[in-house]
file run_36.tsv (TSV, C-alpha atoms)
chain	number	residue	atom	x	y	z
A	174	VAL	CA	56.97	118.15	8.05
A	175	ARG	CA	57.63	121.20	10.21
A	176	GLY	CA	55.74	119.47	13.09
A	177	LEU	CA	57.91	116.38	12.78
A	178	ARG	CA	61.06	118.52	12.87
A	179	ARG	CA	59.85	120.28	16.06
A	180	HIS	CA	59.17	116.91	17.69
A	181	ALA	CA	62.62	115.70	16.64
A	182	ARG	CA	64.36	118.74	18.11
A	183	HIS	CA	62.30	118.39	21.31
A	184	GLY	CA	63.26	114.70	21.55
A	185	ALA	CA	66.95	115.54	21.11
A	186	ARG	CA	66.79	118.10	23.90
A	187	CYS	CA	65.14	115.55	26.23
A	188	ALA	CA	67.78	112.98	25.36
A	189	ARG	CA	70.58	115.47	26.14
A	190	LEU	CA	68.90	116.36	29.48
A	191	VAL	CA	68.54	112.68	30.43
A	192	LEU	CA	72.21	112.06	29.52
A	193	LEU	CA	73.33	115.09	31.57
A	194	ALA	CA	71.26	113.96	34.59
A	195	ALA	CA	72.70	110.47	34.36
A	196	THR	CA	76.24	111.87	34.22
A	197	LEU	CA	75.67	114.08	37.28
A	198	CYS	CA	74.19	111.15	39.21
A	199	SER	CA	77.16	108.96	38.38
A	200	VAL	CA	79.59	111.66	39.56
A	201	ALA	CA	77.67	112.16	42.80
A	202	TRP	CA	77.47	108.42	43.47
A	203	ALA	CA	81.09	107.64	42.62
A	204	PRO	CA	82.70	108.73	45.99
A	205	VAL	CA	80.48	106.32	47.93
A	206	HIS	CA	81.91	103.36	46.04
A	207	ALA	CA	85.41	104.74	45.56
A	208	GLN	CA	88.22	102.21	45.71
A	209	PRO	CA	91.29	102.71	47.90
A	210	SER	CA	93.77	105.12	46.40
A	211	THR	CA	96.64	103.59	44.47
A	212	ALA	CA	99.92	104.84	43.12
A	213	ALA	CA	98.07	106.04	40.03
A	214	ASP	CA	96.04	108.42	42.21
A	215	ASN	CA	99.24	109.89	43.63
A	216	PRO	CA	101.68	110.04	40.68
A	217	TRP	CA	104.13	112.24	42.55
A	218	GLN	CA	104.36	109.77	45.48
A	219	PHE	CA	104.37	112.42	48.21
A	220	GLU	CA	104.99	110.85	51.66
A	221	GLU	CA	102.81	111.78	54.61
A	222	ASP	CA	104.50	113.59	57.48
A	223	GLU	CA	105.46	111.25	60.32
A	224	ALA	CA	105.31	112.19	64.00
A	225	PRO	CA	108.74	113.30	65.23
A	226	VAL	CA	110.54	110.78	67.45
A	227	GLU	CA	111.25	112.06	70.96
A	228	THR	CA	114.86	112.01	72.06
A	229	TRP	CA	115.82	110.92	75.58
A	230	GLN	CA	116.74	114.52	76.33
A	231	GLN	CA	113.17	115.58	75.52
A	232	VAL	CA	111.72	112.69	77.53
A	233	VAL	CA	113.76	113.58	80.61
A	234	ALA	CA	113.00	117.29	80.20
A	235	SER	CA	109.25	116.62	80.11
A	236	GLN	CA	109.49	114.72	83.42
A	237	ALA	CA	112.15	116.86	85.08
A	238	VAL	CA	109.71	118.59	87.47
A	239	ASP	CA	108.34	115.26	88.71
A	240	ILE	CA	111.83	113.83	89.24
A	241	SER	CA	113.08	117.01	90.95
A	242	GLN	CA	110.12	117.06	93.36
A	243	PHE	CA	110.76	113.52	94.50
A	244	ALA	CA	114.52	114.14	94.75
A	245	ALA	CA	113.83	117.05	97.10
A	246	PHE	CA	111.49	114.91	99.22
A	247	ALA	CA	114.00	112.03	99.31
A	248	ALA	CA	116.71	114.45	100.50
A	249	LEU	CA	114.39	115.62	103.30
A	250	ALA	CA	113.59	112.03	104.32
A	251	LEU	CA	117.25	111.03	104.35
A	252	THR	CA	118.27	114.12	106.33
A	253	SER	CA	115.60	113.53	108.95
A	254	PHE	CA	116.60	109.86	109.21
A	255	ILE	CA	120.35	110.41	109.45
A	256	ARG	CA	120.13	113.33	111.88
A	257	LYS	CA	117.49	111.55	114.01
A	258	SER	CA	115.70	114.86	114.33
A	259	VAL	CA	112.20	114.51	115.77
A	260	ARG	CA	111.14	117.87	114.31
A	261	LEU	CA	112.39	116.96	110.85
A	262	LYS	CA	110.76	113.56	111.16
A	263	TYR	CA	107.31	115.07	111.64
A	264	VAL	CA	107.92	117.57	108.85
A	265	THR	CA	108.78	114.60	106.62
A	266	LEU	CA	105.64	112.72	107.68
A	267	VAL	CA	103.40	115.71	106.89
A	268	VAL	CA	105.07	116.16	103.49
A	269	ALA	CA	104.74	112.42	102.78
A	270	VAL	CA	100.97	112.54	103.37
A	271	ALA	CA	100.49	115.80	101.45
A	272	TYR	CA	102.88	115.12	98.55
A	273	LEU	CA	103.01	111.35	98.00
A	274	GLY	CA	99.53	110.65	99.39
A	275	VAL	CA	97.17	113.46	98.43
A	276	TYR	CA	99.01	115.18	95.56
A	277	LYS	CA	100.67	112.21	93.80
A	278	SER	CA	98.74	109.21	95.21
A	279	GLN	CA	102.01	107.36	94.76
A	280	LEU	CA	102.88	104.52	97.12
A	281	LEU	CA	104.59	101.21	96.65
A	282	SER	CA	101.93	98.51	96.62
A	283	ILE	CA	101.47	94.77	96.43
A	284	VAL	CA	100.30	95.57	92.88
A	285	ASN	CA	103.93	96.42	92.05
A	286	VAL	CA	105.00	93.01	93.34
A	287	PHE	CA	102.34	91.52	91.04
A	288	GLY	CA	103.84	93.60	88.22
A	289	VAL	CA	107.32	92.21	88.85
A	290	LEU	CA	106.00	88.64	88.82
A	291	GLY	CA	103.83	89.20	85.75
A	292	GLY	CA	106.17	91.49	83.81
A	293	ASN	CA	103.63	94.29	83.89
A	294	LEU	CA	105.45	97.34	85.20
A	295	PRO	CA	104.97	100.94	83.94
A	296	LEU	CA	106.73	101.88	80.71
A	297	PHE	CA	110.18	103.06	81.73
A	298	LYS	CA	110.43	105.86	79.17
A	299	TYR	CA	107.27	107.59	80.36
A	300	SER	CA	107.50	106.75	84.08
A	301	LEU	CA	110.97	107.94	85.06
A	302	GLY	CA	109.70	109.60	88.24
A	303	TRP	CA	108.04	106.39	89.41
A	304	TYR	CA	111.20	104.33	88.77
A	305	VAL	CA	113.32	106.84	90.69
A	306	PHE	CA	110.83	106.57	93.56
A	307	ALA	CA	110.74	102.75	93.48
A	308	LEU	CA	114.52	102.37	93.15
A	309	PHE	CA	115.16	104.76	96.03
A	310	SER	CA	112.64	102.94	98.22
A	311	VAL	CA	114.11	99.49	97.54
A	312	VAL	CA	117.77	100.54	97.82
A	313	SER	CA	117.19	102.57	101.00
A	314	THR	CA	115.37	99.59	102.53
A	315	ALA	CA	118.29	97.30	101.70
A	316	LEU	CA	120.79	99.79	103.18
A	317	TRP	CA	118.97	101.25	106.19
A	318	GLY	CA	115.97	99.05	106.89
A	319	ARG	CA	112.56	100.63	107.43
A	320	LEU	CA	113.26	104.02	105.92
A	321	TYR	CA	110.43	103.64	103.42
A	322	CYS	CA	107.92	102.42	106.00
A	323	GLY	CA	109.00	104.96	108.62
A	324	ARG	CA	109.42	108.12	106.52
A	325	ILE	CA	108.13	107.75	102.94
A	326	CYS	CA	104.97	105.62	102.83
A	327	ALA	CA	102.05	108.07	103.01
A	328	PHE	CA	99.79	105.65	104.90
A	329	GLY	CA	102.51	104.83	107.41
A	330	ALA	CA	103.15	108.55	107.84
A	331	LEU	CA	99.42	109.13	108.46
A	332	THR	CA	99.24	106.46	111.18
A	333	GLN	CA	102.33	107.89	112.89
A	334	LEU	CA	100.76	111.33	112.89
A	335	LEU	CA	97.61	109.84	114.41
A	336	ASP	CA	99.74	108.16	117.04
A	337	SER	CA	101.32	111.48	117.98
A	338	ILE	CA	97.89	113.13	118.36
A	339	ALA	CA	96.05	110.37	120.25
A	340	PRO	CA	96.36	110.49	124.07
A	341	ALA	CA	98.91	108.00	125.37
A	342	ARG	CA	96.44	106.65	127.95
A	343	PHE	CA	94.38	105.13	125.14
A	344	ARG	CA	97.29	103.15	123.76
A	345	TYR	CA	97.78	99.45	124.35
A	346	ASP	CA	101.38	98.27	124.26
A	347	VAL	CA	101.45	94.80	122.76
A	348	PRO	CA	103.74	92.48	124.79
A	349	LEU	CA	106.95	91.70	122.94
A	350	ARG	CA	106.24	87.95	122.89
A	351	ILE	CA	102.84	88.49	121.23
A	352	GLU	CA	104.22	91.13	118.89
A	353	ARG	CA	106.84	88.73	117.51
A	354	GLN	CA	104.18	86.17	116.72
A	355	ALA	CA	101.66	88.70	115.37
A	356	ALA	CA	104.31	90.18	113.06
A	357	LYS	CA	104.25	86.91	111.11
A	358	ILE	CA	100.66	87.59	109.99
A	359	LYS	CA	101.79	89.97	107.25
A	360	TYR	CA	104.07	87.30	105.77
A	361	GLY	CA	101.12	84.91	105.68
A	362	LEU	CA	99.04	87.56	103.92
A	363	LEU	CA	101.87	88.16	101.44
A	364	GLY	CA	102.06	84.46	100.60
A	365	ALA	CA	98.27	84.18	100.30
A	366	VAL	CA	97.82	87.14	97.92
A	367	LEU	CA	100.78	86.05	95.78
A	368	LEU	CA	99.31	82.56	95.41
A	369	TYR	CA	95.94	84.09	94.55
A	370	PHE	CA	97.48	86.34	91.90
A	371	LEU	CA	99.59	83.58	90.33
A	372	SER	CA	96.55	81.32	90.05
A	373	THR	CA	94.03	83.94	88.84
A	374	ARG	CA	96.05	86.92	87.50
A	375	ASP	CA	93.51	89.10	89.28
A	376	MET	CA	95.10	92.22	90.76
A	377	SER	CA	91.92	93.54	92.37
A	378	ILE	CA	92.69	91.54	95.53
A	379	TYR	CA	94.92	94.44	96.61
A	380	ARG	CA	91.87	96.45	97.76
A	381	TYR	CA	91.15	93.90	100.47
A	382	VAL	CA	94.67	93.72	101.91
A	383	GLU	CA	95.86	97.32	101.46
A	384	PRO	CA	94.20	100.59	102.49
A	385	PHE	CA	96.36	102.69	100.17
A	386	TRP	CA	93.41	103.24	97.82
A	387	MET	CA	92.15	105.80	100.36
A	388	PHE	CA	94.31	108.45	98.69
A	389	THR	CA	92.48	107.97	95.37
A	390	GLY	CA	89.02	107.87	96.98
A	391	HIS	CA	87.77	105.01	94.80
A	392	ALA	CA	86.24	102.28	96.95
A	393	THR	CA	82.99	100.73	98.08
A	394	THR	CA	81.10	101.75	101.21
A	395	GLY	CA	82.14	98.52	102.89
A	396	LEU	CA	85.82	99.25	102.31
A	397	TRP	CA	85.46	102.77	103.72
A	398	ILE	CA	83.84	101.35	106.85
A	399	ALA	CA	86.66	98.80	107.19
A	400	LEU	CA	89.20	101.60	106.79
A	401	GLY	CA	87.48	103.62	109.54
A	402	VAL	CA	87.63	100.63	111.90
A	403	LEU	CA	91.32	100.16	111.06
A	404	LEU	CA	92.18	103.80	111.78
A	405	VAL	CA	90.27	103.73	115.08
A	406	ALA	CA	92.10	100.55	116.05
A	407	THR	CA	95.37	102.30	115.17
A	408	VAL	CA	94.66	104.83	117.91
A	409	PHE	CA	94.75	102.00	120.46
A	410	VAL	CA	97.50	99.84	118.90
A	411	ARG	CA	100.33	101.91	117.46
A	412	ASN	CA	100.92	101.37	113.72
A	413	LEU	CA	98.64	98.34	113.78
A	414	TYR	CA	98.49	97.81	110.01
A	415	CYS	CA	102.15	98.53	109.30
A	416	ARG	CA	103.43	96.25	112.04
A	417	PHE	CA	101.13	93.26	111.63
A	418	LEU	CA	99.13	93.33	108.39
A	419	CYS	CA	100.99	95.04	105.51
A	420	PRO	CA	101.99	92.52	102.78
A	421	LEU	CA	104.09	95.16	101.02
A	422	GLY	CA	105.97	95.73	104.29
A	423	ALA	CA	106.54	91.95	104.44
A	424	ALA	CA	107.95	91.99	100.89
A	425	LEU	CA	110.32	94.83	101.81
A	426	GLY	CA	111.15	93.00	105.03
A	427	LEU	CA	112.43	90.05	102.98
A	428	LEU	CA	115.13	92.36	101.63

call {"tool": "encode", "arguments": {"input": "run_36.tsv", "output": "structure tokens"}}
result
Amino acid sequence: VRGLRRHARHGARCARLVLLAATLCSVAWAPVHAQPSTAADNPWQFEEDEAPVETWQQVVASQAVDISQFAAFAALALTSFIRKSVRLKYVTLVVAVAYLGVYKSQLLSIVNVFGVLGGNLPLFKYSLGWYVFALFSVVSTALWGRLYCGRICAFGALTQLLDSIAPARFRYDVPLRIERQAAKIKYGLLGAVLLYFLSTRDMSIYRYVEPFWMFTGHATTGLWIALGVLLVATVFVRNLYCRFLCPLGAALGLL
């Protein structure tokens, strides 16, 4: 009898151990198959903190440095243009290359024309500096003509600086009759790239009609070679690209 009782007690202990192990396993396994939380899991209904909404004052303040830098450059460009000062002009050209070209890599491009046609421009709220730059460039072109091309465009500024350095004896002055006809090439290029974009929605065509990517440094070896040939040709024919080949210049010219 005593042996049976010992076996019974031993069996009860084993049963309790098995039950405890099963309970622990169920608790450990439960999170893997947990269902999404419901209102019952959060009886107090606490709301999660939401990200604070930026006011326009905060948005402008965060971009104030960018806007102020361009405003200072625009004032320099306008002063040099209105006063017709050669010294100020070359100061403006150097600043255009250093600031808009190297530092900002910010130029108007045929890509922006694509953006207007396709409704794909930068978000206004987070691109105030760019919109100030674009608006100034368009308005100044409408009021004074080639102010953007002659003072602000970093690539145009670079070619003018090259022109001032290259010996005059190397330069070929294109006859006026030929220049008038050759100037129409850029309008043909503008029409061709716009038709290409409208039919394909492919913006990458800009690399093959604009050298402005040089300020970002992202291009193929073939494009760098083509750019080198273009800059060498610019030494012999003043502002070759700007005068005869720039589709963005053609778009501004239509203004």

call {"tool": "atom_distance", "arguments": {"input": "run_36.tsv", "atom1": "atom CA of Leu413 of chain A", "atom2": "atom CA of Leu400 of chain A"}}
result
12.2 Å

call {"tool": "closest_atom_pairs", "arguments": {"input": "run_36.tsv", "of": "segment 409-428 of chain A", "to": "segment 365-384 of chain A", "cutoff": "8 Å", "atoms": "all atoms listed in the file", "output": "JSON lines"}}
result
{"residue": "A:Leu418", "atom": "CA", "partner": "A:Val382", "partner_atom": "CA", "distance": 7.9}
{"residue": "A:Cys419", "atom": "CA", "partner": "A:Glu383", "partner_atom": "CA", "distance": 6.9}
{"residue": "A:Pro420", "atom": "CA", "partner": "A:Val382", "partner_atom": "CA", "distance": 7.5}

call {"tool": "residues_around", "arguments": {"input": "run_36.tsv", "residues": "Val312 of chain A", "least_positions_apart": "5", "cutoff": "10 Å", "atoms": "all atoms listed in the file", "output": "PyMOL selection string"}}
result
chain A and resi 307+317-318+320-321+428

call {"tool": "write_last_selection", "arguments": {"input": "run_36.tsv", "atoms": "C-alpha atoms", "output": "mmCIF file, in the frame of the given file"}}
result
data_model
loop_
_atom_site.group_PDB
_atom_site.id
_atom_site.type_symbol
_atom_site.label_atom_id
_atom_site.label_comp_id
_atom_site.auth_asym_id
_atom_site.auth_seq_id
_atom_site.Cartn_x
_atom_site.Cartn_y
_atom_site.Cartn_z
ATOM 1 C CA ALA A 307 110.740 102.750 93.480
ATOM 2 C CA TRP A 317 118.970 101.250 106.190
ATOM 3 C CA GLY A 318 115.970 99.050 106.890
ATOM 4 C CA LEU A 320 113.260 104.020 105.920
ATOM 5 C CA TYR A 321 110.430 103.640 103.420
ATOM 6 C CA LEU A 428 115.130 92.360 101.630
#

call {"tool": "residues_around", "arguments": {"input": "run_36.tsv", "residues": "Tyr299 of chain A", "least_positions_apart": "6", "cutoff": "10 Å", "atoms": "all atoms listed in the file", "output": "PyMOL selection string"}}
result
chain A and resi 232-233+235-236

call {"tool": "closest_residue", "arguments": {"input": "run_36.tsv", "among": "A:Tyr276, A:Tyr360, A:Phe243, A:Trp229", "to": "Tyr304 of chain A", "atoms": "all atoms listed in the file"}}
result
A:Phe243

call {"tool": "closest_residue", "arguments": {"input": "run_36.tsv", "among": "A:Pro348, A:Gly302, A:Gly292, A:Gly364", "to": "Val238 of chain A", "atoms": "all atoms listed in the file"}}
result
A:Gly302

call {"tool": "atom_distance", "arguments": {"input": "run_36.tsv", "atom1": "atom CA of Gly426 of chain A", "atom2": "atom CA of Gly329 of chain A"}}
result
14.8 Å

call {"tool": "closest_residue", "arguments": {"input": "run_36.tsv", "among": "A:Phe417, A:Trp303, A:Phe388, A:Trp397", "to": "Ala271 of chain A", "atoms": "only C-alpha atoms"}}
result
A:Phe388
